[in-house]
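Novice: upload-v4.cif is the file, holding mmCIF, C-alpha atoms and all ligand atoms:
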data_input
#
loop_
_atom_site.group_PDB
_atom_site.id
_atom_site.type_symbol
_atom_site.label_atom_id
_atom_site.label_comp_id
_atom_site.auth_asym_id
_atom_site.auth_seq_id
_atom_site.Cartn_x
_atom_site.Cartn_y
_atom_site.Cartn_z
ATOM 1 C CA MET A 19 5.414 -16.434 -23.497
ATOM 2 C CA THR A 20 8.577 -15.313 -25.202
ATOM 3 C CA MET A 21 11.681 -17.128 -24.109
ATOM 4 C CA GLY A 22 14.446 -15.005 -22.716
ATOM 5 C CA MET A 23 12.036 -12.333 -21.572
ATOM 6 C CA MET A 24 10.832 -14.591 -18.789
ATOM 7 C CA ASP A 25 14.312 -14.980 -17.421
ATOM 8 C CA ARG A 26 14.987 -11.591 -15.883
ATOM 9 C CA GLU A 27 13.280 -11.193 -12.549
ATOM 10 C CA VAL A 28 12.072 -7.683 -11.762
ATOM 11 C CA ILE A 29 9.952 -8.421 -8.678
ATOM 12 C CA GLY A 30 11.019 -11.057 -6.178
ATOM 13 C CA ILE A 31 8.955 -11.200 -3.015
ATOM 14 C CA ASP A 32 9.764 -14.138 -0.723
ATOM 15 C CA ASN A 33 7.726 -15.037 2.325
ATOM 16 C CA VAL A 34 7.007 -11.447 3.194
ATOM 17 C CA SER A 35 4.981 -10.630 6.280
ATOM 18 C CA LEU A 36 4.062 -7.203 7.525
ATOM 19 C CA THR A 37 2.616 -6.189 10.860
ATOM 20 C CA TYR A 38 1.795 -2.550 11.469
ATOM 21 C CA ARG A 39 2.601 -1.749 15.075
ATOM 22 C CA ALA A 40 1.313 1.190 17.039
ATOM 23 C CA ARG A 41 1.757 1.792 20.773
ATOM 24 C CA ASN A 42 -0.896 -0.680 21.886
ATOM 25 C CA SER A 43 -2.167 -2.272 18.700
ATOM 26 C CA ALA A 44 -0.853 -4.462 15.939
ATOM 27 C CA VAL A 45 -2.399 -5.131 12.537
ATOM 28 C CA HIS A 46 -1.182 -8.226 10.769
ATOM 29 C CA ALA A 47 -1.557 -7.012 7.187
ATOM 30 C CA LEU A 48 0.412 -9.547 5.125
ATOM 31 C CA ASP A 49 1.219 -13.162 5.880
ATOM 32 C CA ARG A 50 4.105 -14.884 4.069
ATOM 33 C CA VAL A 51 3.413 -13.499 0.630
ATOM 34 C CA SER A 52 5.566 -14.717 -2.236
ATOM 35 C CA LEU A 53 5.319 -13.195 -5.654
ATOM 36 C CA ARG A 54 7.499 -13.021 -8.718
ATOM 37 C CA ALA A 55 7.319 -10.990 -11.884
ATOM 38 C CA SER A 56 9.627 -11.146 -14.873
ATOM 39 C CA GLU A 57 10.682 -8.364 -17.160
ATOM 40 C CA GLY A 58 7.833 -7.197 -19.354
ATOM 41 C CA GLU A 59 5.178 -9.133 -17.488
ATOM 42 C CA PHE A 60 1.792 -7.649 -16.575
ATOM 43 C CA VAL A 61 0.691 -9.022 -13.209
ATOM 44 C CA ALA A 62 -2.622 -8.085 -11.585
ATOM 45 C CA VAL A 63 -3.477 -8.556 -7.916
ATOM 46 C CA VAL A 64 -7.073 -8.767 -6.729
ATOM 47 C CA GLY A 65 -8.253 -9.128 -3.177
ATOM 48 C CA PRO A 66 -10.826 -7.873 -0.699
ATOM 49 C CA SER A 67 -10.586 -4.419 0.839
ATOM 50 C CA GLY A 68 -8.008 -4.217 3.622
ATOM 51 C CA CYS A 69 -6.142 -7.399 2.627
ATOM 52 C CA GLY A 70 -2.850 -5.565 2.202
ATOM 53 C CA LYS A 71 -2.697 -4.700 -1.501
ATOM 54 C CA SER A 72 -1.533 -1.108 -0.976
ATOM 55 C CA THR A 73 0.837 -2.424 1.688
ATOM 56 C CA LEU A 74 2.431 -4.603 -0.990
ATOM 57 C CA ILE A 75 2.940 -1.509 -3.171
ATOM 58 C CA LYS A 76 4.449 0.438 -0.260
ATOM 59 C CA LEU A 77 6.854 -2.431 0.421
ATOM 60 C CA LEU A 78 7.964 -2.615 -3.214
ATOM 61 C CA ALA A 79 8.427 1.147 -3.263
ATOM 62 C CA GLY A 80 10.624 0.868 -0.179
ATOM 63 C CA LEU A 81 8.349 3.188 1.810
ATOM 64 C CA ILE A 82 7.991 0.565 4.554
ATOM 65 C CA LEU A 83 10.144 -2.436 5.407
ATOM 66 C CA PRO A 84 8.826 -5.988 5.888
ATOM 67 C CA SER A 85 8.512 -7.594 9.328
ATOM 68 C CA GLY A 86 9.762 -10.821 7.759
ATOM 69 C CA GLY A 87 10.914 -12.123 4.406
ATOM 70 C CA VAL A 88 12.763 -10.471 1.538
ATOM 71 C CA ILE A 89 11.726 -8.047 -1.195
ATOM 72 C CA ARG A 90 13.843 -7.606 -4.277
ATOM 73 C CA VAL A 91 13.452 -5.258 -7.215
ATOM 74 C CA ASN A 92 15.785 -6.030 -10.108
ATOM 75 C CA ARG A 93 17.326 -8.660 -7.845
ATOM 76 C CA GLN A 94 18.451 -6.022 -5.345
ATOM 77 C CA PRO A 95 17.033 -6.183 -1.810
ATOM 78 C CA VAL A 96 14.817 -3.150 -1.188
ATOM 79 C CA ARG A 97 16.150 -1.169 1.761
ATOM 80 C CA GLY A 98 14.658 2.242 1.108
ATOM 81 C CA PRO A 99 12.899 4.254 -1.627
ATOM 82 C CA THR A 100 13.453 2.485 -4.937
ATOM 83 C CA ALA A 101 14.720 4.544 -7.877
ATOM 84 C CA SER A 102 13.653 2.337 -10.745
ATOM 85 C CA ILE A 103 9.899 2.349 -10.131
ATOM 86 C CA GLY A 104 6.977 4.524 -11.110
ATOM 87 C CA ILE A 105 3.766 4.607 -9.105
ATOM 88 C CA VAL A 106 0.249 5.474 -10.219
ATOM 89 C CA PHE A 107 -2.112 6.079 -7.315
ATOM 90 C CA GLN A 108 -5.885 5.831 -7.219
ATOM 91 C CA ASN A 109 -6.018 9.597 -6.861
ATOM 92 C CA PRO A 110 -3.515 11.200 -9.266
ATOM 93 C CA LEU A 111 -2.692 13.968 -6.706
ATOM 94 C CA LEU A 112 -1.738 16.565 -9.301
ATOM 95 C CA MET A 113 -0.465 19.970 -8.261
ATOM 96 C CA ALA A 114 -3.348 22.387 -8.888
ATOM 97 C CA TRP A 115 -1.130 25.315 -9.866
ATOM 98 C CA ARG A 116 0.994 23.365 -12.334
ATOM 99 C CA THR A 117 0.098 22.619 -15.947
ATOM 100 C CA ALA A 118 -0.159 19.012 -17.182
ATOM 101 C CA LEU A 119 3.355 19.189 -18.630
ATOM 102 C CA ARG A 120 4.834 20.681 -15.463
ATOM 103 C CA ASN A 121 3.079 18.069 -13.333
ATOM 104 C CA VAL A 122 4.801 15.388 -15.391
ATOM 105 C CA LEU A 123 8.166 17.146 -15.011
ATOM 106 C CA LEU A 124 7.695 17.466 -11.260
ATOM 107 C CA GLN A 125 8.849 13.859 -10.960
ATOM 108 C CA ILE A 126 12.146 14.892 -12.570
ATOM 109 C CA GLU A 127 12.554 17.877 -10.234
ATOM 110 C CA ILE A 128 11.889 15.703 -7.188
ATOM 111 C CA ARG A 129 14.516 13.235 -8.348
ATOM 112 C CA ASP A 130 16.938 16.094 -8.916
ATOM 113 C CA LEU A 131 17.420 15.226 -12.576
ATOM 114 C CA PRO A 132 18.017 17.913 -15.243
ATOM 115 C CA VAL A 133 14.524 19.054 -16.312
ATOM 116 C CA GLU A 134 15.648 20.358 -19.707
ATOM 117 C CA ASN A 135 16.775 16.872 -20.710
ATOM 118 C CA TYR A 136 13.296 15.492 -20.102
ATOM 119 C CA ARG A 137 11.084 18.026 -21.866
ATOM 120 C CA ALA A 138 10.986 16.116 -25.151
ATOM 121 C CA THR A 139 10.257 12.833 -23.353
ATOM 122 C CA ALA A 140 7.431 14.476 -21.417
ATOM 123 C CA GLN A 141 5.940 15.741 -24.673
ATOM 124 C CA GLU A 142 6.263 12.263 -26.213
ATOM 125 C CA LEU A 143 4.501 10.663 -23.255
ATOM 126 C CA ILE A 144 1.715 13.234 -23.349
ATOM 127 C CA GLU A 145 1.150 12.278 -26.969
ATOM 128 C CA LEU A 146 1.376 8.566 -26.125
ATOM 129 C CA VAL A 147 -1.511 8.874 -23.658
ATOM 130 C CA GLY A 148 -3.567 11.011 -26.040
ATOM 131 C CA LEU A 149 -3.271 14.346 -24.253
ATOM 132 C CA GLU A 150 -1.729 16.314 -27.098
ATOM 133 C CA GLY A 151 -2.952 19.899 -26.961
ATOM 134 C CA PHE A 152 -3.502 19.791 -23.206
ATOM 135 C CA GLU A 153 0.135 20.291 -22.185
ATOM 136 C CA ASN A 154 -0.640 23.707 -20.745
ATOM 137 C CA ALA A 155 -4.005 22.863 -19.183
ATOM 138 C CA TYR A 156 -4.340 22.965 -15.399
ATOM 139 C CA PRO A 157 -5.750 19.949 -13.522
ATOM 140 C CA HIS A 158 -9.144 21.632 -12.961
ATOM 141 C CA GLN A 159 -9.465 21.942 -16.731
ATOM 142 C CA LEU A 160 -9.016 18.182 -17.196
ATOM 143 C CA SER A 161 -11.505 15.336 -16.708
ATOM 144 C CA GLY A 162 -10.795 12.576 -14.174
ATOM 145 C CA GLY A 163 -9.595 10.254 -16.922
ATOM 146 C CA MET A 164 -7.308 12.939 -18.345
ATOM 147 C CA GLN A 165 -5.848 13.633 -14.899
ATOM 148 C CA GLN A 166 -5.156 9.936 -14.488
ATOM 149 C CA ARG A 167 -3.337 9.990 -17.853
ATOM 150 C CA VAL A 168 -1.141 12.801 -16.547
ATOM 151 C CA GLY A 169 -0.478 10.612 -13.499
ATOM 152 C CA LEU A 170 0.594 7.796 -15.827
ATOM 153 C CA CYS A 171 3.002 10.104 -17.713
ATOM 154 C CA ARG A 172 4.447 11.266 -14.398
ATOM 155 C CA ALA A 173 5.053 7.644 -13.391
ATOM 156 C CA LEU A 174 6.785 6.859 -16.709
ATOM 157 C CA ILE A 175 8.881 9.998 -17.294
ATOM 158 C CA HIS A 176 12.058 8.744 -15.604
ATOM 159 C CA ASP A 177 11.793 5.471 -17.555
ATOM 160 C CA PRO A 178 11.340 3.113 -14.585
ATOM 161 C CA ASP A 179 11.784 -0.644 -14.966
ATOM 162 C CA LEU A 180 8.716 -1.313 -12.881
ATOM 163 C CA LEU A 181 5.330 0.353 -12.890
ATOM 164 C CA LEU A 182 3.200 -0.044 -9.765
ATOM 165 C CA MET A 183 -0.475 0.809 -10.187
ATOM 166 C CA ASP A 184 -2.730 0.932 -7.137
ATOM 167 C CA GLU A 185 -6.360 0.873 -8.301
ATOM 168 C CA PRO A 186 -5.565 3.628 -10.783
ATOM 169 C CA PHE A 187 -8.968 3.666 -12.451
ATOM 170 C CA GLY A 188 -11.151 2.945 -9.425
ATOM 171 C CA ALA A 189 -12.575 6.446 -9.276
ATOM 172 C CA LEU A 190 -13.516 6.633 -12.951
ATOM 173 C CA ASP A 191 -16.911 5.923 -14.501
ATOM 174 C CA ALA A 192 -17.344 2.564 -16.228
ATOM 175 C CA LEU A 193 -16.969 3.843 -19.789
ATOM 176 C CA THR A 194 -13.871 5.928 -19.087
ATOM 177 C CA ARG A 195 -12.432 3.005 -17.201
ATOM 178 C CA GLU A 196 -12.940 0.697 -20.166
ATOM 179 C CA GLN A 197 -11.234 3.226 -22.392
ATOM 180 C CA MET A 198 -8.327 3.651 -19.969
ATOM 181 C CA ASN A 199 -7.864 -0.108 -19.805
ATOM 182 C CA ALA A 200 -7.619 -0.291 -23.590
ATOM 183 C CA GLU A 201 -5.135 2.611 -23.586
ATOM 184 C CA LEU A 202 -3.053 1.030 -20.856
ATOM 185 C CA GLN A 203 -2.899 -2.238 -22.768
ATOM 186 C CA ARG A 204 -1.773 -0.369 -25.891
ATOM 187 C CA ILE A 205 0.895 1.587 -23.979
ATOM 188 C CA TRP A 206 2.080 -1.561 -22.231
ATOM 189 C CA MET A 207 2.355 -3.418 -25.550
ATOM 190 C CA GLU A 208 4.397 -0.512 -26.891
ATOM 191 C CA ARG A 209 6.668 0.011 -23.882
ATOM 192 C CA ARG A 210 6.719 -3.438 -22.272
ATOM 193 C CA LYS A 211 7.280 -2.259 -18.725
ATOM 194 C CA THR A 212 6.865 -4.751 -15.955
ATOM 195 C CA VAL A 213 3.540 -3.839 -14.334
ATOM 196 C CA LEU A 214 2.040 -4.742 -10.978
ATOM 197 C CA PHE A 215 -1.584 -3.686 -11.169
ATOM 198 C CA ILE A 216 -3.866 -3.673 -8.139
ATOM 199 C CA THR A 217 -7.603 -3.718 -8.627
ATOM 200 C CA HIS A 218 -10.924 -4.674 -7.080
ATOM 201 C CA SER A 219 -12.295 -5.508 -10.494
ATOM 202 C CA ILE A 220 -12.036 -9.119 -11.582
ATOM 203 C CA SER A 221 -12.806 -8.330 -15.217
ATOM 204 C CA GLU A 222 -10.255 -5.499 -15.290
ATOM 205 C CA ALA A 223 -7.609 -7.888 -13.943
ATOM 206 C CA VAL A 224 -8.399 -10.569 -16.539
ATOM 207 C CA TYR A 225 -8.572 -8.043 -19.380
ATOM 208 C CA LEU A 226 -5.169 -6.539 -18.596
ATOM 209 C CA ALA A 227 -2.982 -9.191 -17.044
ATOM 210 C CA ASP A 228 -0.792 -12.068 -18.163
ATOM 211 C CA ARG A 229 -1.229 -13.455 -14.680
ATOM 212 C CA VAL A 230 -3.777 -12.711 -11.944
ATOM 213 C CA LEU A 231 -2.880 -13.263 -8.302
ATOM 214 C CA VAL A 232 -5.684 -13.580 -5.783
ATOM 215 C CA MET A 233 -5.282 -12.530 -2.176
ATOM 216 C CA SER A 234 -7.212 -13.686 0.876
ATOM 217 C CA SER A 235 -8.758 -11.306 3.363
ATOM 218 C CA ARG A 236 -6.457 -10.004 6.123
ATOM 219 C CA PRO A 237 -3.864 -11.087 6.840
ATOM 220 C CA GLY A 238 -3.340 -11.140 3.106
ATOM 221 C CA ARG A 239 -1.945 -14.306 1.570
ATOM 222 C CA ILE A 240 -1.760 -15.347 -2.068
ATOM 223 C CA VAL A 241 -4.499 -17.962 -2.469
ATOM 224 C CA GLY A 242 -4.622 -18.335 -6.224
ATOM 225 C CA GLU A 243 -2.814 -17.705 -9.453
ATOM 226 C CA ILE A 244 -4.410 -17.708 -12.880
ATOM 227 C CA ASN A 245 -2.493 -17.493 -16.142
ATOM 228 C CA VAL A 246 -4.521 -15.534 -18.647
ATOM 229 C CA ASP A 247 -3.378 -16.697 -22.052
ATOM 230 C CA LEU A 248 -5.896 -14.726 -24.086
ATOM 231 C CA PRO A 249 -4.398 -13.267 -27.285
ATOM 232 C CA ARG A 250 -3.494 -9.555 -27.475
ATOM 233 C CA PRO A 251 -4.473 -6.934 -28.154
ATOM 234 C CA ARG A 252 -7.620 -7.843 -26.244
ATOM 235 C CA THR A 253 -10.698 -6.038 -27.447
ATOM 236 C CA VAL A 254 -13.752 -4.978 -25.485
ATOM 237 C CA GLU A 255 -15.664 -7.624 -27.449
ATOM 238 C CA ALA A 256 -13.237 -10.246 -26.186
ATOM 239 C CA THR A 257 -14.459 -9.530 -22.658
ATOM 240 C CA GLU A 258 -17.859 -10.909 -23.638
ATOM 241 C CA THR A 259 -16.627 -14.295 -24.774
ATOM 242 C CA MET A 260 -16.927 -17.650 -23.004
ATOM 243 C CA ALA A 261 -13.141 -17.902 -22.753
ATOM 244 C CA PHE A 262 -13.016 -14.602 -20.879
ATOM 245 C CA ALA A 263 -15.849 -15.638 -18.571
ATOM 246 C CA GLN A 264 -13.986 -18.820 -17.698
ATOM 247 C CA PHE A 265 -11.049 -16.772 -16.435
ATOM 248 C CA THR A 266 -13.206 -14.410 -14.384
ATOM 249 C CA ARG A 267 -15.001 -17.418 -12.873
ATOM 250 C CA ARG A 268 -11.710 -18.964 -11.803
ATOM 251 C CA VAL A 269 -10.595 -15.728 -10.174
ATOM 252 C CA ARG A 270 -13.923 -15.483 -8.342
ATOM 253 C CA GLU A 271 -13.623 -19.067 -7.114
ATOM 254 C CA HIS A 272 -10.229 -18.309 -5.586
ATOM 255 C CA LEU A 273 -11.625 -15.166 -3.983
ATOM 256 C CA ASN A 274 -14.508 -17.093 -2.486
ATOM 257 C CA SER A 275 -12.255 -19.783 -1.106
ATOM 258 C CA GLY A 276 -9.808 -17.246 0.317
ATOM 259 C CA GLY A 277 -12.223 -15.273 2.435
ATOM 260 C CA ALA A 278 -14.953 -12.681 2.188
ATOM 261 C CA ILE A 279 -15.247 -10.496 -0.903
ATOM 262 C CA GLU A 280 -17.036 -7.203 -1.080
HETATM 263 N N1 LIG B 301 0.066 2.903 8.369
HETATM 264 C C1 LIG B 301 -0.730 1.981 8.874
HETATM 265 N N2 LIG B 301 -0.813 1.749 10.213
HETATM 266 C C2 LIG B 301 -1.598 0.816 10.720
HETATM 267 N N3 LIG B 301 -2.382 -0.001 9.986
HETATM 268 C C3 LIG B 301 -2.359 0.177 8.657
HETATM 269 C C4 LIG B 301 -1.548 1.169 8.029
HETATM 270 N N4 LIG B 301 -1.733 1.096 6.694
HETATM 271 C C5 LIG B 301 -2.626 0.111 6.493
HETATM 272 N N5 LIG B 301 -3.001 -0.458 7.669
HETATM 273 C C6 LIG B 301 -3.913 -1.595 7.857
HETATM 274 O O1 LIG B 301 -3.381 -2.691 7.137
HETATM 275 C C7 LIG B 301 -4.407 -3.400 6.461
HETATM 276 C C8 LIG B 301 -4.091 -3.458 4.985
HETATM 277 O O2 LIG B 301 -4.177 -2.150 4.447
HETATM 278 P P1 LIG B 301 -3.988 -1.852 2.898
HETATM 279 O O3 LIG B 301 -4.142 -0.396 2.697
HETATM 280 O O4 LIG B 301 -2.739 -2.476 2.436
HETATM 281 O O5 LIG B 301 -5.237 -2.652 2.292
HETATM 282 P P2 LIG B 301 -5.781 -2.702 0.783
HETATM 283 O O6 LIG B 301 -5.833 -4.130 0.385
HETATM 284 O O7 LIG B 301 -4.996 -1.783 -0.069
HETATM 285 O O8 LIG B 301 -7.271 -2.171 0.947
HETATM 286 P P3 LIG B 301 -8.177 -1.353 -0.103
HETATM 287 O O9 LIG B 301 -8.590 -2.336 -1.144
HETATM 288 O O10 LIG B 301 -9.330 -0.892 0.699
HETATM 289 O O11 LIG B 301 -7.354 -0.225 -0.668
HETATM 290 C C9 LIG B 301 -5.703 -2.666 6.803
HETATM 291 O O12 LIG B 301 -6.345 -3.354 7.816
HETATM 292 C C10 LIG B 301 -5.262 -1.311 7.265
HETATM 293 O O13 LIG B 301 -6.138 -0.817 8.232
HETATM 294 MG MG MG B 302 -5.450 -0.052 -1.118
#
For the structure just supplied, provide its representation as structure tokens.
Ligand SMILES: Nc1ncnc2c1ncn2[C@@H]1O[C@H](COP(=O)(O)OP(=O)(O)OP(=O)(O)O)[C@@H](O)[C@H]1O
Ligand SMILES: [Mg+2]

Specialist:
Amino acid sequence: MTMGMMDREVIGIDNVSLTYRARNSAVHALDRVSLRASEGEFVAVVGPSGCGKSTLIKLLAGLILPSGGVIRVNRQPVRGPTASIGIVFQNPLLMAWRTALRNVLLQIEIRDLPVENYRATAQELIELVGLEGFENAYPHQLSGGMQQRVGLCRALIHDPDLLLMDEPFGALDALTREQMNAELQRIWMERRKTVLFITHSISEAVYLADRVLVMSSRPGRIVGEINVDLPRPRTVEATETMAFAQFTRRVREHLNSGGAIE
């Protein structure tokens, strides 16, 4: 842990509860969740299906407002859509009739920023994620992993302080997923964004994160926190060591104590 870097808070979630209300039903999704992340930190959240992980992302993005508690991004209370974040969804949702490059630039158009000023950055990002030569390819010409890389570029193009990733690699095959995890670690080490990464995979969380938070089943609460102080860059071989297994075991123990897991 580098001193100084730990000081600046990027995510501050205090006692946040969320109940979805419809005409004659209410779903208590989150129960007094508190979570903090400092600048440059990589935090992973694991929890059973339906425990409110995507809800947490929606709250941070300002797409929904909490029923109780406070959410801050960069120490500012979130009251609506947040400008300084990038989101990577499970399904990259690329525009079929736009090339890879123009899908990345779409983010700029939506934010009403001058597209010309971002062309070089888009090209740089495409190279960073290893998609050089595919700038003009359409989504149907790209593999699932490549589409997800475009999604990552799109989330980074406006240089957000915070990157929210909601099970970004869940739909990929195991080998591609492993490769994407290694790439993400490399990109994160290069760019040092603050990342909140949601996953169902315990080993993915331990491989990527500085800190793993474990949620209970609904209503979601934080029931465990594990600091993963494995050296970086972490290799695929490192995931087969005893040290690694000790971390995954601790995460699993918290999951088991916090409610059902899938
Ligand atoms: N817009 C909504 N209206 C009503 N209920 C909702 C809404 N969105 C989510 N929920 C409910 O809130 C709970 C939490 O949903 P959420 O999508 O946050 O879970 P999750 O942890 O992301 O699950 P998964 O791992 O399956 O993606 C679920 O029970 C879900 O049915
Ligand atoms: Mg979800």

Novice: Which residue, A:Pro157, A:Asn121, A:Ile105, A:Ser221, has the smallest gap to Arg267 in chain A when you use all atoms listed in the file?

Specialist: A:Ser221

Novice: Rounded to one decimal place, report the atom C9 of ligand LIG 301 (chain B)-CA of Leu74 in chain A distance in Å.

Specialist: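 Taking atom C9 of ligand LIG 301 (chain B) and CA of Leu74 in chain A, their separation equals 11.4 Å.
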
Novice: Using the chain letters and numbers from this file, what does the PyMOL selection byres (((not hetatm)) within 10 of (chain B and resi 301)) select? Give the answer as a ChimeraX atom specification.

Specialist: /A:36-40,43-48,63-77,82,108,184-185,216-218,233-238,280

Novice: Between A:Gly276, A:Gly188, A:Gly58, A:Gly80, which has the minimum distance to ligand MG 302 (chain B) (counting all atoms listed in the file)?

Specialist: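 Smallest distance to ligand MG 302 (chain B) is found for A:Gly188.
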
Novice: Give me, as number ranges by chain, all polymer residues having an atom no more than 12 Å from Leu78 in chain A, counting only C-alpha atoms and skipping those fewer than 2 positions away in the same chain.

Specialist: A: 28-32, 34, 53-54, 71-76, 80-84, 88-92, 94-105, 180-184, 214

Novice: Got time to write the residues from that selection, C-alpha atoms, as a PDB file, keeping the file's coordinate frame?

Specialist:
ATOM      1  CA  VAL A  28      12.072  -7.683 -11.762  1.00  0.00           C
ATOM      2  CA  ILE A  29       9.952  -8.421  -8.678  1.00  0.00           C
ATOM      3  CA  GLY A  30      11.019 -11.057  -6.178  1.00  0.00           C
ATOM      4  CA  ILE A  31       8.955 -11.200  -3.015  1.00  0.00           C
ATOM      5  CA  ASP A  32       9.764 -14.138  -0.723  1.00  0.00           C
ATOM      6  CA  VAL A  34       7.007 -11.447   3.194  1.00  0.00           C
ATOM      7  CA  LEU A  53       5.319 -13.195  -5.654  1.00  0.00           C
ATOM      8  CA  ARG A  54       7.499 -13.021  -8.718  1.00  0.00           C
ATOM      9  CA  LYS A  71      -2.697  -4.700  -1.501  1.00  0.00           C
ATOM     10  CA  SER A  72      -1.533  -1.108  -0.976  1.00  0.00           C
ATOM     11  CA  THR A  73       0.837  -2.424   1.688  1.00  0.00           C
ATOM     12  CA  LEU A  74       2.431  -4.603  -0.990  1.00  0.00           C
ATOM     13  CA  ILE A  75       2.940  -1.509  -3.171  1.00  0.00           C
ATOM     14  CA  LYS A  76       4.449   0.438  -0.260  1.00  0.00           C
ATOM     15  CA  GLY A  80      10.624   0.868  -0.179  1.00  0.00           C
ATOM     16  CA  LEU A  81       8.349   3.188   1.810  1.00  0.00           C
ATOM     17  CA  ILE A  82       7.991   0.565   4.554  1.00  0.00           C
ATOM     18  CA  LEU A  83      10.144  -2.436   5.407  1.00  0.00           C
ATOM     19  CA  PRO A  84       8.826  -5.988   5.888  1.00  0.00           C
ATOM     20  CA  VAL A  88      12.763 -10.471   1.538  1.00  0.00           C
ATOM     21  CA  ILE A  89      11.726  -8.047  -1.195  1.00  0.00           C
ATOM     22  CA  ARG A  90      13.843  -7.606  -4.277  1.00  0.00           C
ATOM     23  CA  VAL A  91      13.452  -5.258  -7.215  1.00  0.00           C
ATOM     24  CA  ASN A  92      15.785  -6.030 -10.108  1.00  0.00           C
ATOM     25  CA  GLN A  94      18.451  -6.022  -5.345  1.00  0.00           C
ATOM     26  CA  PRO A  95      17.033  -6.183  -1.810  1.00  0.00           C
ATOM     27  CA  VAL A  96      14.817  -3.150  -1.188  1.00  0.00           C
ATOM     28  CA  ARG A  97      16.150  -1.169   1.761  1.00  0.00           C
ATOM     29  CA  GLY A  98      14.658   2.242   1.108  1.00  0.00           C
ATOM     30  CA  PRO A  99      12.899   4.254  -1.627  1.00  0.00           C
ATOM     31  CA  THR A 100      13.453   2.485  -4.937  1.00  0.00           C
ATOM     32  CA  ALA A 101      14.720   4.544  -7.877  1.00  0.00           C
ATOM     33  CA  SER A 102      13.653   2.337 -10.745  1.00  0.00           C
ATOM     34  CA  ILE A 103       9.899   2.349 -10.131  1.00  0.00           C
ATOM     35  CA  GLY A 104       6.977   4.524 -11.110  1.00  0.00           C
ATOM     36  CA  ILE A 105       3.766   4.607  -9.105  1.00  0.00           C
ATOM     37  CA  LEU A 180       8.716  -1.313 -12.881  1.00  0.00           C
ATOM     38  CA  LEU A 181       5.330   0.353 -12.890  1.00  0.00           C
ATOM     39  CA  LEU A 182       3.200  -0.044  -9.765  1.00  0.00           C
ATOM     40  CA  MET A 183      -0.475   0.809 -10.187  1.00  0.00           C
ATOM     41  CA  ASP A 184      -2.730   0.932  -7.137  1.00  0.00           C
ATOM     42  CA  LEU A 214       2.040  -4.742 -10.978  1.00  0.00           C
TER      43      LEU A 214
END

Novice: Considering all atoms listed in the file, return as a VMD selection string whatever protein or nucleic-acid residues lie within 12 Å of Val133 in chain A, sequence-local ones (same chain, fewer than 3 positions apart) excluded.

Specialist: chain A and resid 119 to 130 136 to 140 175 to 176

Novice: Selected by the PyMOL selection byres (((chain A and resi 109) around 8) and not hetatm) in the shown coordinates: which residues, as a PDB file with C-alpha atoms, in the frame of the given file?

Specialist:
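Contents of the output file part_31.pdb:
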ATOM      1  CA  PHE A 107      -2.112   6.079  -7.315  1.00  0.00           C
ATOM      2  CA  GLN A 108      -5.885   5.831  -7.219  1.00  0.00           C
ATOM      3  CA  PRO A 110      -3.515  11.200  -9.266  1.00  0.00           C
ATOM      4  CA  LEU A 111      -2.692  13.968  -6.706  1.00  0.00           C
ATOM      5  CA  GLN A 166      -5.156   9.936 -14.488  1.00  0.00           C
ATOM      6  CA  PRO A 186      -5.565   3.628 -10.783  1.00  0.00           C
ATOM      7  CA  ALA A 189     -12.575   6.446  -9.276  1.00  0.00           C
TER       8      ALA A 189
END

Novice: Convert the output of the PyMOL selection byres (((chain A and resi 245) around 8) and not hetatm) on the shown file into explicit residues, formatted as a VMD selection string.

Specialist: chain A and resid 228 to 230 243 to 244 246 to 247

Novice: Would you mind listing what lies within 10 Å of Gln159 in chain A as a PDB file with C-alpha atoms, in the frame of the given file, with only C-alpha atoms counted and same-chain residues fewer than 5 positions away left out?

Specialist:
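Result written to part33.pdb:
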ATOM      1  CA  ALA A 114      -3.348  22.387  -8.888  1.00  0.00           C
ATOM      2  CA  THR A 117       0.098  22.619 -15.947  1.00  0.00           C
ATOM      3  CA  ALA A 118      -0.159  19.012 -17.182  1.00  0.00           C
ATOM      4  CA  PHE A 152      -3.502  19.791 -23.206  1.00  0.00           C
ATOM      5  CA  ASN A 154      -0.640  23.707 -20.745  1.00  0.00           C
ATOM      6  CA  MET A 164      -7.308  12.939 -18.345  1.00  0.00           C
ATOM      7  CA  GLN A 165      -5.848  13.633 -14.899  1.00  0.00           C
TER       8      GLN A 165
END

Novice: Between A:Glu59, A:Glu196, A:Asp49, A:Asp25, which one has atoms that come closest to Ala227 in chain A, using all atoms listed in the file?

Specialist: A:Glu59

Novice: What is the CA of Ala155 in chain A-CA of Arg116 in chain A distance in Å, reported with one decimal?

Specialist: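 Calculated distance between CA of Ala155 in chain A and CA of Arg116 in chain A is 8.5 Å.
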
Novice: Please measure the separation of CA of Glu57 in chain A and CA of Met207 in chain A, giving the value in Å to one decimal.

Specialist: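 Atom-to-atom, CA of Glu57 in chain A to CA of Met207 in chain A, that is 12.8 Å.
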
Novice: With all atoms of range 160-169 of chain A from the file as input, state the centre and edge lengths in Å to one decimal of the axis-aligned box that has 5 Å extra on each side, as JSON.

Specialist:
{"center_x": -6.0, "center_y": 14.1, "center_z": -15.9, "size_x": 21.0, "size_y": 18.2, "size_z": 14.8}

Novice: A:Val241, A:Val213, A:Ala263, A:Met113: which is nearest Val61 in chain A, counting all atoms listed in the file?

Specialist: A:Val213

Novice: Of the candidates A:Thr212, A:Ser275, A:Asn42, A:Thr253, which one gets nearest to Leu174 in chain A if we count all atoms listed in the file?

Specialist: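 For Leu174 in chain A, the nearest of the given residues is A:Thr212.
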